[in-house]
Amino acid sequence: MKEIEAGAITQAVARLCQEANFFLGEDVLSALRQAHQAEQSPLGREFLTQIIENARLAKEEKLPLCQDCGTAVVFLEIGQDVHIIGGDLELAVEEGVRRGYYQGYLRKGIVSQPFSDRVNTLDNTPAVIHTEIVPGNNLKITVLPKGGGAENKSRLAMLLPNEGKRGVIEMVTRTVEEAGGDPCPPLIIGLGVGGTGEKAMLMAKKALLRKVGEPNPDPEIAHLEKEVLIRVNALGVGPLGFGGTVTALAVHAEVMPTHITSLPVAVNLQCHSARHKEVTL
């Protein structure tokens with residue numbers, strides 16, 4: 001049994017909150033550079049130039065990539081042979097978010113009662129925490145600061161089974177078209193198909209953690225990703241919604257079996273500032 005101190009978890013989360021907001025992953029930067037070469041709209045290319053330059057400045061100056069420093073979404077993969085000592089796991093994560101946003105001078109954007117008072121909690125807590133028990137004796141922590149502009153365009157549809165693949169593609173395409181420039185394209189599209197409604201939504205969110213453009217290992221699902229990407233980029237929404245040929249950088253789909261009467265389809269859009277960092281303790 002491996003013991004991990006709650007204090008170490010707090011320190012790790014605090015660091016990841018800052019690094020995710022300051023440093024764009026090399027996979028995202030590479031995809032943006034490829035998009036710059038592929039984009040046919042001069043205005044779209046100019047916006048992509050500015051997006052890439054913004055990432056450079058954020059890294060050099062340790063400044064937030066975006067003024068919206070997001071909801072702190074934290075994924076915990078907990079080895080079944082891990083024992084957390086010295087404190088409560090979720091409280092340790094919350095304290096890490098609190099410290100990270102304070103120490104990094106990151107904008108705090110969480111409000112309390114969502115349908116009435118909406119008073120800012122002033123420390124960007126509570127975080128949204130997803131836990132999963134996995135084999136082994138490690139704890140993997142992934143922090144994904146999720147901006148409101150993209151998250152607000154998430155969609156869940158409970159399609160009829162006979163709508164099939166065509167229905168999935170149409171649903172995603174319609175979601176991106178209706179979103180327009182609001183989620184700050186070029187996008188990464190997280191797609192969850194199957195399971196139940198809440199499971200599809202979680203799969204769509206977790207799909208955003210995959211290396212940008214890395215296809216699903218299942219050839220059929222990888223082909224679906226390609227088809228959706230072609231359809232989305234044919235919409236002409238373009239970088240930041242000002243028109244162009246690159247509306248999305250990638251489509252990441254996760255699929256699981258579902259009930260005979262169901263076809264859940266979830267879409268989670270990620271803006272071009274596709275921020276997340278991870279560490280294994």
# chains A, B, ... in the order shown; residues from 1 in each chain; ligands from 1
call {"tool": "select_by_dssp", "arguments": {"residues": "stretch 58-244 of chain A", "states": "helix (DSSP H, G or I)", "output": "PyMOL selection string"}}
result
chain A and resi 58-61+89-103+148-151+161-179+197-207+219-233+239-241
call {"tool": "residues_around", "arguments": {"residues": "A:Val265", "least_positions_apart": "2", "cutoff": "8 Å", "atoms": "only C-alpha atoms", "output": "number ranges by chain"}}
result
A: 156-159, 168, 171, 191-194, 197, 200-201, 263, 267
call {"tool": "write_last_selection", "arguments": {"atoms": "N, CA and C atoms", "output": "mmCIF file, in the first residue's frame"}}
result
data_model
loop_
_atom_site.group_PDB
_atom_site.id
_atom_site.type_symbol
_atom_site.label_atom_id
_atom_site.label_comp_id
_atom_site.auth_asym_id
_atom_site.auth_seq_id
_atom_site.Cartn_x
_atom_site.Cartn_y
_atom_site.Cartn_z
ATOM 1 N N LEU A 156 -26.193 17.942 -25.097
ATOM 2 C CA LEU A 156 -26.506 16.527 -24.948
ATOM 3 C C LEU A 156 -27.779 16.244 -25.721
ATOM 4 N N ALA A 157 -27.753 15.227 -26.546
ATOM 5 C CA ALA A 157 -28.946 14.808 -27.283
ATOM 6 C C ALA A 157 -29.160 13.323 -27.071
ATOM 7 N N MET A 158 -30.408 12.946 -26.794
ATOM 8 C CA MET A 158 -30.761 11.532 -26.672
ATOM 9 C C MET A 158 -31.442 11.139 -27.978
ATOM 10 N N LEU A 159 -30.622 10.699 -28.926
ATOM 11 C CA LEU A 159 -31.141 10.386 -30.253
ATOM 12 C C LEU A 159 -31.878 9.049 -30.256
ATOM 13 N N VAL A 168 -25.511 11.282 -35.376
ATOM 14 C CA VAL A 168 -24.390 11.769 -34.575
ATOM 15 C C VAL A 168 -23.685 12.912 -35.286
ATOM 16 N N MET A 171 -25.821 16.066 -35.390
ATOM 17 C CA MET A 171 -25.926 16.720 -34.093
ATOM 18 C C MET A 171 -24.692 17.552 -33.786
ATOM 19 N N LEU A 191 -16.362 14.449 -28.075
ATOM 20 C CA LEU A 191 -17.595 13.776 -28.452
ATOM 21 C C LEU A 191 -17.729 12.478 -27.663
ATOM 22 N N GLY A 192 -18.858 12.338 -26.964
ATOM 23 C CA GLY A 192 -19.139 11.116 -26.228
ATOM 24 C C GLY A 192 -20.389 10.461 -26.779
ATOM 25 N N VAL A 193 -20.303 9.206 -27.115
ATOM 26 C CA VAL A 193 -21.441 8.492 -27.708
ATOM 27 C C VAL A 193 -21.671 7.197 -26.942
ATOM 28 N N GLY A 194 -22.897 7.009 -26.483
ATOM 29 C CA GLY A 194 -23.246 5.766 -25.812
ATOM 30 C C GLY A 194 -23.364 5.924 -24.314
ATOM 31 N N GLY A 197 -26.933 9.364 -20.416
ATOM 32 C CA GLY A 197 -26.727 10.787 -20.647
ATOM 33 C C GLY A 197 -25.527 11.336 -19.911
ATOM 34 N N ALA A 200 -22.158 9.917 -21.226
ATOM 35 C CA ALA A 200 -21.770 10.503 -22.505
ATOM 36 C C ALA A 200 -21.142 11.880 -22.296
ATOM 37 N N MET A 201 -21.719 12.674 -21.381
ATOM 38 C CA MET A 201 -21.165 14.001 -21.105
ATOM 39 C C MET A 201 -19.761 13.900 -20.515
ATOM 40 N N LEU A 263 -29.503 6.247 -27.804
ATOM 41 C CA LEU A 263 -28.305 6.692 -28.515
ATOM 42 C C LEU A 263 -27.914 8.063 -27.961
ATOM 43 N N VAL A 267 -21.646 16.584 -26.749
ATOM 44 C CA VAL A 267 -20.602 17.409 -27.366
ATOM 45 C C VAL A 267 -20.072 18.383 -26.338
#
call {"tool": "residues_around", "arguments": {"residues": "A:Leu269", "least_positions_apart": "5", "cutoff": "8 Å", "atoms": "only C-alpha atoms", "output": "list in words"}}
result
Ala150, Glu151, Lys153, Ser154, Pro183, Leu187, Ile188, Ile189 and Gly190 of chain A
call {"tool": "residues_around", "arguments": {"residues": "A:Leu144", "least_positions_apart": "5", "cutoff": "9 Å", "atoms": "only C-alpha atoms", "output": "JSON, numbers by chain"}}
result
{"A": [16, 17, 20, 21, 70, 71, 72, 73, 74, 75, 209, 274, 275, 276, 277, 278]}
call {"tool": "residues_around", "arguments": {"residues": "A:Glu77", "least_positions_apart": "6", "cutoff": "12 Å", "atoms": "only C-alpha atoms", "output": "list of chain:residue names"}}
result
A:Ile129, A:His130, A:Thr131, A:Glu132, A:Ile133, A:Val134, A:Pro135, A:Gly136, A:Asn137, A:Asn138, A:Leu139, A:Lys140, A:Ile141, A:Thr142, A:Val143, A:Glu278, A:Val279, A:Thr280, A:Leu281
call {"tool": "residues_around", "arguments": {"residues": "stretch 119-127 of chain A", "least_positions_apart": "3", "cutoff": "9 Å", "atoms": "only C-alpha atoms", "output": "JSON, numbers by chain"}}
result
{"A": [70, 71, 72, 73, 74, 93, 94, 95, 97, 98, 99, 101, 102, 106, 107, 108, 109, 110, 111, 112, 113, 114, 116]}
call {"tool": "write_last_selection", "arguments": {"atoms": "C-alpha atoms", "output": "PDB file, in the first residue's frame"}}
result
ATOM      1  CA  GLY A  70     -12.071  28.787 -16.108  1.00  0.00           C
ATOM      2  CA  THR A  71     -13.743  26.332 -13.822  1.00  0.00           C
ATOM      3  CA  ALA A  72     -11.109  24.065 -12.284  1.00  0.00           C
ATOM      4  CA  VAL A  73     -12.053  20.614 -13.569  1.00  0.00           C
ATOM      5  CA  VAL A  74      -9.908  18.009 -11.825  1.00  0.00           C
ATOM      6  CA  VAL A  93      -7.804  19.273  -4.071  1.00  0.00           C
ATOM      7  CA  GLU A  94     -10.002  22.257  -3.154  1.00  0.00           C
ATOM      8  CA  GLU A  95      -7.174  23.829  -1.161  1.00  0.00           C
ATOM      9  CA  VAL A  97      -7.265  25.155  -6.424  1.00  0.00           C
ATOM     10  CA  ARG A  98      -7.616  27.927  -3.855  1.00  0.00           C
ATOM     11  CA  ARG A  99      -3.848  28.377  -3.534  1.00  0.00           C
ATOM     12  CA  TYR A 101      -5.582  30.703  -8.286  1.00  0.00           C
ATOM     13  CA  TYR A 102      -4.415  33.022  -5.512  1.00  0.00           C
ATOM     14  CA  LEU A 106      -5.671  33.940 -11.803  1.00  0.00           C
ATOM     15  CA  ARG A 107      -9.164  35.315 -12.303  1.00  0.00           C
ATOM     16  CA  LYS A 108     -11.688  33.759  -9.929  1.00  0.00           C
ATOM     17  CA  GLY A 109     -14.906  33.086 -11.820  1.00  0.00           C
ATOM     18  CA  ILE A 110     -17.045  30.759  -9.675  1.00  0.00           C
ATOM     19  CA  VAL A 111     -20.301  32.030  -8.191  1.00  0.00           C
ATOM     20  CA  SER A 112     -22.258  30.432  -5.369  1.00  0.00           C
ATOM     21  CA  GLN A 113     -26.011  29.924  -5.831  1.00  0.00           C
ATOM     22  CA  PRO A 114     -26.196  29.605  -9.632  1.00  0.00           C
ATOM     23  CA  SER A 116     -30.204  33.477  -7.627  1.00  0.00           C
TER      24      SER A 116
END
call {"tool": "atom_distance", "arguments": {"atom1": "atom CA of A:Gly100", "atom2": "atom CA of A:Gln80"}}
result
27.4 Å
call {"tool": "residues_around", "arguments": {"residues": "A:Arg45", "least_positions_apart": "2", "cutoff": "12 Å", "atoms": "only C-alpha atoms", "output": "number ranges by chain"}}
result
A: 32-43, 47-52, 186, 238-240, 242-247
call {"tool": "closest_residue", "arguments": {"among": "A:Gln270, A:Glu254, A:Val212, A:Pro264", "to": "A:Ser30", "atoms": "only C-alpha atoms"}}
result
A:Val212
call {"tool": "closest_residue", "arguments": {"among": "A:Cys271, A:Ala14, A:Val251, A:Leu29", "to": "A:His223", "atoms": "only C-alpha atoms"}}
result
A:Val251
call {"tool": "atom_distance", "arguments": {"atom1": "atom CA of A:Ile9", "atom2": "atom CA of A:Gly79"}}
result
14.1 Å
call {"tool": "closest_residue", "arguments": {"among": "A:Val82, A:Ala266, A:Asn233, A:Ala12", "to": "A:Pro185", "atoms": "only C-alpha atoms"}}
result
A:Asn233
call {"tool": "closest_residue", "arguments": {"among": "A:Lys205, A:Gly87, A:Arg56, A:Phe22", "to": "A:Ala6", "atoms": "only C-alpha atoms"}}
result
A:Gly87
call {"tool": "closest_residue", "arguments": {"among": "A:Arg174, A:Lys59, A:His252, A:Lys165", "to": "A:Leu24", "atoms": "only C-alpha atoms"}}
result
A:Lys59
call {"tool": "decode", "arguments": {"residues": "stretch 10-52 of chain A", "atoms": "N, CA and C atoms", "output": "mmCIF file, in the first residue's frame"}}
result
data_model
loop_
_atom_site.group_PDB
_atom_site.id
_atom_site.type_symbol
_atom_site.label_atom_id
_atom_site.label_comp_id
_atom_site.auth_asym_id
_atom_site.auth_seq_id
_atom_site.Cartn_x
_atom_site.Cartn_y
_atom_site.Cartn_z
ATOM 1 N N THR A 10 -2.290 18.827 -2.497
ATOM 2 C CA THR A 10 -2.585 20.265 -2.534
ATOM 3 C C THR A 10 -1.517 21.015 -3.311
ATOM 4 N N GLN A 11 -0.250 20.718 -3.043
ATOM 5 C CA GLN A 11 0.844 21.400 -3.743
ATOM 6 C C GLN A 11 0.805 21.112 -5.234
ATOM 7 N N ALA A 12 0.532 19.867 -5.591
ATOM 8 C CA ALA A 12 0.493 19.497 -7.005
ATOM 9 C C ALA A 12 -0.642 20.207 -7.728
ATOM 10 N N VAL A 13 -1.816 20.233 -7.131
ATOM 11 C CA VAL A 13 -2.962 20.890 -7.767
ATOM 12 C C VAL A 13 -2.704 22.381 -7.920
ATOM 13 N N ALA A 14 -2.132 23.018 -6.901
ATOM 14 C CA ALA A 14 -1.834 24.450 -6.979
ATOM 15 C C ALA A 14 -0.904 24.749 -8.152
ATOM 16 N N ARG A 15 0.106 23.913 -8.314
ATOM 17 C CA ARG A 15 1.065 24.110 -9.417
ATOM 18 C C ARG A 15 0.405 23.878 -10.767
ATOM 19 N N LEU A 16 -0.405 22.820 -10.868
ATOM 20 C CA LEU A 16 -1.044 22.496 -12.138
ATOM 21 C C LEU A 16 -2.032 23.579 -12.560
ATOM 22 N N CYS A 17 -2.748 24.166 -11.615
ATOM 23 C CA CYS A 17 -3.676 25.249 -11.952
ATOM 24 C C CYS A 17 -2.947 26.397 -12.641
ATOM 25 N N GLN A 18 -1.762 26.708 -12.140
ATOM 26 C CA GLN A 18 -1.001 27.806 -12.727
ATOM 27 C C GLN A 18 -0.382 27.413 -14.063
ATOM 28 N N GLU A 19 0.243 26.244 -14.111
ATOM 29 C CA GLU A 19 0.889 25.822 -15.350
ATOM 30 C C GLU A 19 -0.122 25.662 -16.484
ATOM 31 N N ALA A 20 -1.298 25.143 -16.177
ATOM 32 C CA ALA A 20 -2.312 24.972 -17.219
ATOM 33 C C ALA A 20 -2.754 26.312 -17.776
ATOM 34 N N ASN A 21 -2.836 27.316 -16.934
ATOM 35 C CA ASN A 21 -3.265 28.638 -17.388
ATOM 36 C C ASN A 21 -2.166 29.419 -18.096
ATOM 37 N N PHE A 22 -0.906 29.079 -17.820
ATOM 38 C CA PHE A 22 0.214 29.819 -18.407
ATOM 39 C C PHE A 22 0.778 29.180 -19.676
ATOM 40 N N PHE A 23 0.803 27.846 -19.719
ATOM 41 C CA PHE A 23 1.564 27.149 -20.748
ATOM 42 C C PHE A 23 0.660 26.283 -21.620
ATOM 43 N N LEU A 24 0.555 26.638 -22.883
ATOM 44 C CA LEU A 24 -0.212 25.841 -23.837
ATOM 45 C C LEU A 24 0.619 24.640 -24.266
ATOM 46 N N GLY A 25 -0.012 23.470 -24.334
ATOM 47 C CA GLY A 25 0.713 22.251 -24.678
ATOM 48 C C GLY A 25 1.300 22.298 -26.076
ATOM 49 N N GLU A 26 2.406 21.600 -26.266
ATOM 50 C CA GLU A 26 3.072 21.598 -27.567
ATOM 51 C C GLU A 26 2.192 20.966 -28.633
ATOM 52 N N ASP A 27 1.356 19.998 -28.239
ATOM 53 C CA ASP A 27 0.451 19.389 -29.210
ATOM 54 C C ASP A 27 -0.556 20.409 -29.736
ATOM 55 N N VAL A 28 -1.040 21.285 -28.845
ATOM 56 C CA VAL A 28 -1.980 22.327 -29.261
ATOM 57 C C VAL A 28 -1.283 23.339 -30.156
ATOM 58 N N LEU A 29 -0.084 23.753 -29.773
ATOM 59 C CA LEU A 29 0.671 24.722 -30.575
ATOM 60 C C LEU A 29 0.971 24.163 -31.960
ATOM 61 N N SER A 30 1.346 22.899 -32.020
ATOM 62 C CA SER A 30 1.616 22.278 -33.309
ATOM 63 C C SER A 30 0.370 22.279 -34.187
ATOM 64 N N ALA A 31 -0.774 21.967 -33.593
ATOM 65 C CA ALA A 31 -2.029 21.963 -34.353
ATOM 66 C C ALA A 31 -2.386 23.363 -34.824
ATOM 67 N N LEU A 32 -2.124 24.357 -34.009
ATOM 68 C CA LEU A 32 -2.402 25.746 -34.399
ATOM 69 C C LEU A 32 -1.495 26.188 -35.543
ATOM 70 N N ARG A 33 -0.240 25.766 -35.504
ATOM 71 C CA ARG A 33 0.688 26.120 -36.597
ATOM 72 C C ARG A 33 0.250 25.453 -37.901
ATOM 73 N N GLN A 34 -0.187 24.209 -37.806
ATOM 74 C CA GLN A 34 -0.685 23.522 -38.999
ATOM 75 C C GLN A 34 -1.944 24.204 -39.528
ATOM 76 N N ALA A 35 -2.789 24.654 -38.601
ATOM 77 C CA ALA A 35 -4.005 25.363 -38.999
ATOM 78 C C ALA A 35 -3.656 26.671 -39.704
ATOM 79 N N HIS A 36 -2.618 27.340 -39.231
ATOM 80 C CA HIS A 36 -2.186 28.598 -39.858
ATOM 81 C C HIS A 36 -1.772 28.357 -41.303
ATOM 82 N N GLN A 37 -1.094 27.248 -41.553
ATOM 83 C CA GLN A 37 -0.677 26.928 -42.910
ATOM 84 C C GLN A 37 -1.859 26.548 -43.789
ATOM 85 N N ALA A 38 -2.852 25.889 -43.185
ATOM 86 C CA ALA A 38 -3.982 25.376 -43.962
ATOM 87 C C ALA A 38 -5.076 26.415 -44.187
ATOM 88 N N GLU A 39 -5.186 27.385 -43.285
ATOM 89 C CA GLU A 39 -6.281 28.352 -43.364
ATOM 90 C C GLU A 39 -6.202 29.174 -44.651
ATOM 91 N N GLN A 40 -7.319 29.241 -45.378
ATOM 92 C CA GLN A 40 -7.351 29.937 -46.665
ATOM 93 C C GLN A 40 -7.779 31.398 -46.543
ATOM 94 N N SER A 41 -8.348 31.758 -45.419
ATOM 95 C CA SER A 41 -8.780 33.138 -45.226
ATOM 96 C C SER A 41 -7.633 33.978 -44.676
ATOM 97 N N PRO A 42 -7.282 35.090 -45.330
ATOM 98 C CA PRO A 42 -6.234 35.962 -44.805
ATOM 99 C C PRO A 42 -6.547 36.462 -43.395
ATOM 100 N N LEU A 43 -7.802 36.812 -43.146
ATOM 101 C CA LEU A 43 -8.184 37.266 -41.815
ATOM 102 C C LEU A 43 -8.051 36.134 -40.807
ATOM 103 N N GLY A 44 -8.456 34.935 -41.213
ATOM 104 C CA GLY A 44 -8.314 33.775 -40.334
ATOM 105 C C GLY A 44 -6.865 33.503 -39.992
ATOM 106 N N ARG A 45 -5.963 33.627 -40.974
ATOM 107 C CA ARG A 45 -4.543 33.419 -40.711
ATOM 108 C C ARG A 45 -4.000 34.471 -39.751
ATOM 109 N N GLU A 46 -4.480 35.697 -39.881
ATOM 110 C CA GLU A 46 -4.028 36.756 -38.981
ATOM 111 C C GLU A 46 -4.449 36.468 -37.549
ATOM 112 N N PHE A 47 -5.679 36.004 -37.371
ATOM 113 C CA PHE A 47 -6.130 35.647 -36.022
ATOM 114 C C PHE A 47 -5.297 34.505 -35.457
ATOM 115 N N LEU A 48 -4.975 33.516 -36.276
ATOM 116 C CA LEU A 48 -4.157 32.403 -35.816
ATOM 117 C C LEU A 48 -2.750 32.867 -35.452
ATOM 118 N N THR A 49 -2.214 33.830 -36.199
ATOM 119 C CA THR A 49 -0.917 34.414 -35.855
ATOM 120 C C THR A 49 -0.964 35.019 -34.460
ATOM 121 N N GLN A 50 -2.036 35.760 -34.182
ATOM 122 C CA GLN A 50 -2.177 36.406 -32.882
ATOM 123 C C GLN A 50 -2.368 35.384 -31.766
ATOM 124 N N ILE A 51 -3.091 34.316 -32.035
ATOM 125 C CA ILE A 51 -3.304 33.262 -31.030
ATOM 126 C C ILE A 51 -1.970 32.608 -30.666
ATOM 127 N N ILE A 52 -1.155 32.322 -31.660
ATOM 128 C CA ILE A 52 0.151 31.704 -31.417
ATOM 129 C C ILE A 52 1.072 32.661 -30.674
#
